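Heads up, the thing below is written out as structure tokens.
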Amino acid sequence: MARTNSDDLLMEDDLAAAFLGGDEELVAPVEPEEEVVAVEEEVIQEPSESAEDEWENTDDFPGQLAVDVYETTDKLVVKARTAGISKSDLDVSISDNILTISGVLSGGEDEQTTRWHIQECYWGEFSRTIALPVQVREDENSVKAELKDGVLTITFEKEKTEAPKKIAIQ
């Protein structure tokens, strides 16, 4: 194995050859000055102001609502975690098999706050629109919405569809 001027240290290409099982040079040598310049360029880069603005300005986009959607033989069920939201602050609507759940989660603001240390909870408007994966009946008697223990459960009756009919080719 080739050694450098200092018998104690292996150069980058020597290390690569040692680990890859050969004495051939597989990695182009890097000049120390080039390496320092590359590191300095990375350190000097600062985040752009627009990136900071995007991070801080979340008021333009309502929060997303996490949902679970599943079906049984005759029902389609949508569940959403809505802890801390009262019925009066929720709006649920359906049109053309598209479900929209929106509302306002209030209670996170405190006028006396001078400095936040951690702010992970979302407070404010939220909205979620879902194209339902199966056809459902949209009349009032076929849809049930219940808010219990911080979970909104919406149950739809599935639209009865006939089995596909085979068409004979003549």
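So you can find residues: chains in the structure tokens are A, B, ... in the order shown, residues in each start at 1, and ligands are numbered from 1 in order.
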Can you pull out every residue from segment 57-128 of chain A that DSSP, working from the backbone, puts in strand (DSSP E), and format the result as an MDAnalysis selection string? chainID A and resid 67:71 75:81 90:95 98:105 124:128
Shell around segment 70-81 of chain A at 9 Å using only C-alpha atoms, local window under 6 positions removed, as a VMD selection string: chain A and resid 132 to 134 136 150 to 160
Just C-alpha atoms for this one: save the residues we selected as a short mmCIF file (atom, residue, chain, number, x, y, z; two decimals), in the first residue's frame.
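So the final result, stored in out_37.cif, reads:
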```cif
data_model
loop_
_atom_site.label_atom_id
_atom_site.label_comp_id
_atom_site.auth_asym_id
_atom_site.auth_seq_id
_atom_site.Cartn_x
_atom_site.Cartn_y
_atom_site.Cartn_z
CA LEU A 132 -64.80 10.06 -1.06
CA PRO A 133 -63.49 6.79 -2.50
CA VAL A 134 -66.94 5.24 -3.07
CA VAL A 136 -72.41 7.50 -0.97
CA GLY A 150 -62.89 14.76 20.69
CA VAL A 151 -63.54 12.54 17.65
CA LEU A 152 -65.87 13.53 14.81
CA THR A 153 -67.35 10.42 13.17
CA ILE A 154 -69.31 10.78 9.94
CA THR A 155 -71.05 7.65 8.66
CA PHE A 156 -72.48 7.45 5.14
CA GLU A 157 -74.62 4.77 3.59
CA LYS A 158 -72.94 3.53 0.44
CA GLU A 159 -74.81 3.92 -2.81
CA LYS A 160 -76.14 0.58 -4.00
#
```
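One finds atom CA of Asn141 of chain A at 16.5 Å from atom CA of Leu99 of chain A.
The gap separating atom CA of Lys165 of chain A from atom CA of Asn97 of chain A is 24.1 Å, in Å to one decimal.
Pairwise distance (atom CA of Ile98 of chain A, atom CA of Pro164 of chain A) equals 24.2 Å.
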### Residues near segment 86-89 of chain A, cut-off 8 Å, only C-alpha atoms, skip fewer than 6 positions along chain, as JSON, numbers by chain
{"A": [103, 104, 105, 147]}
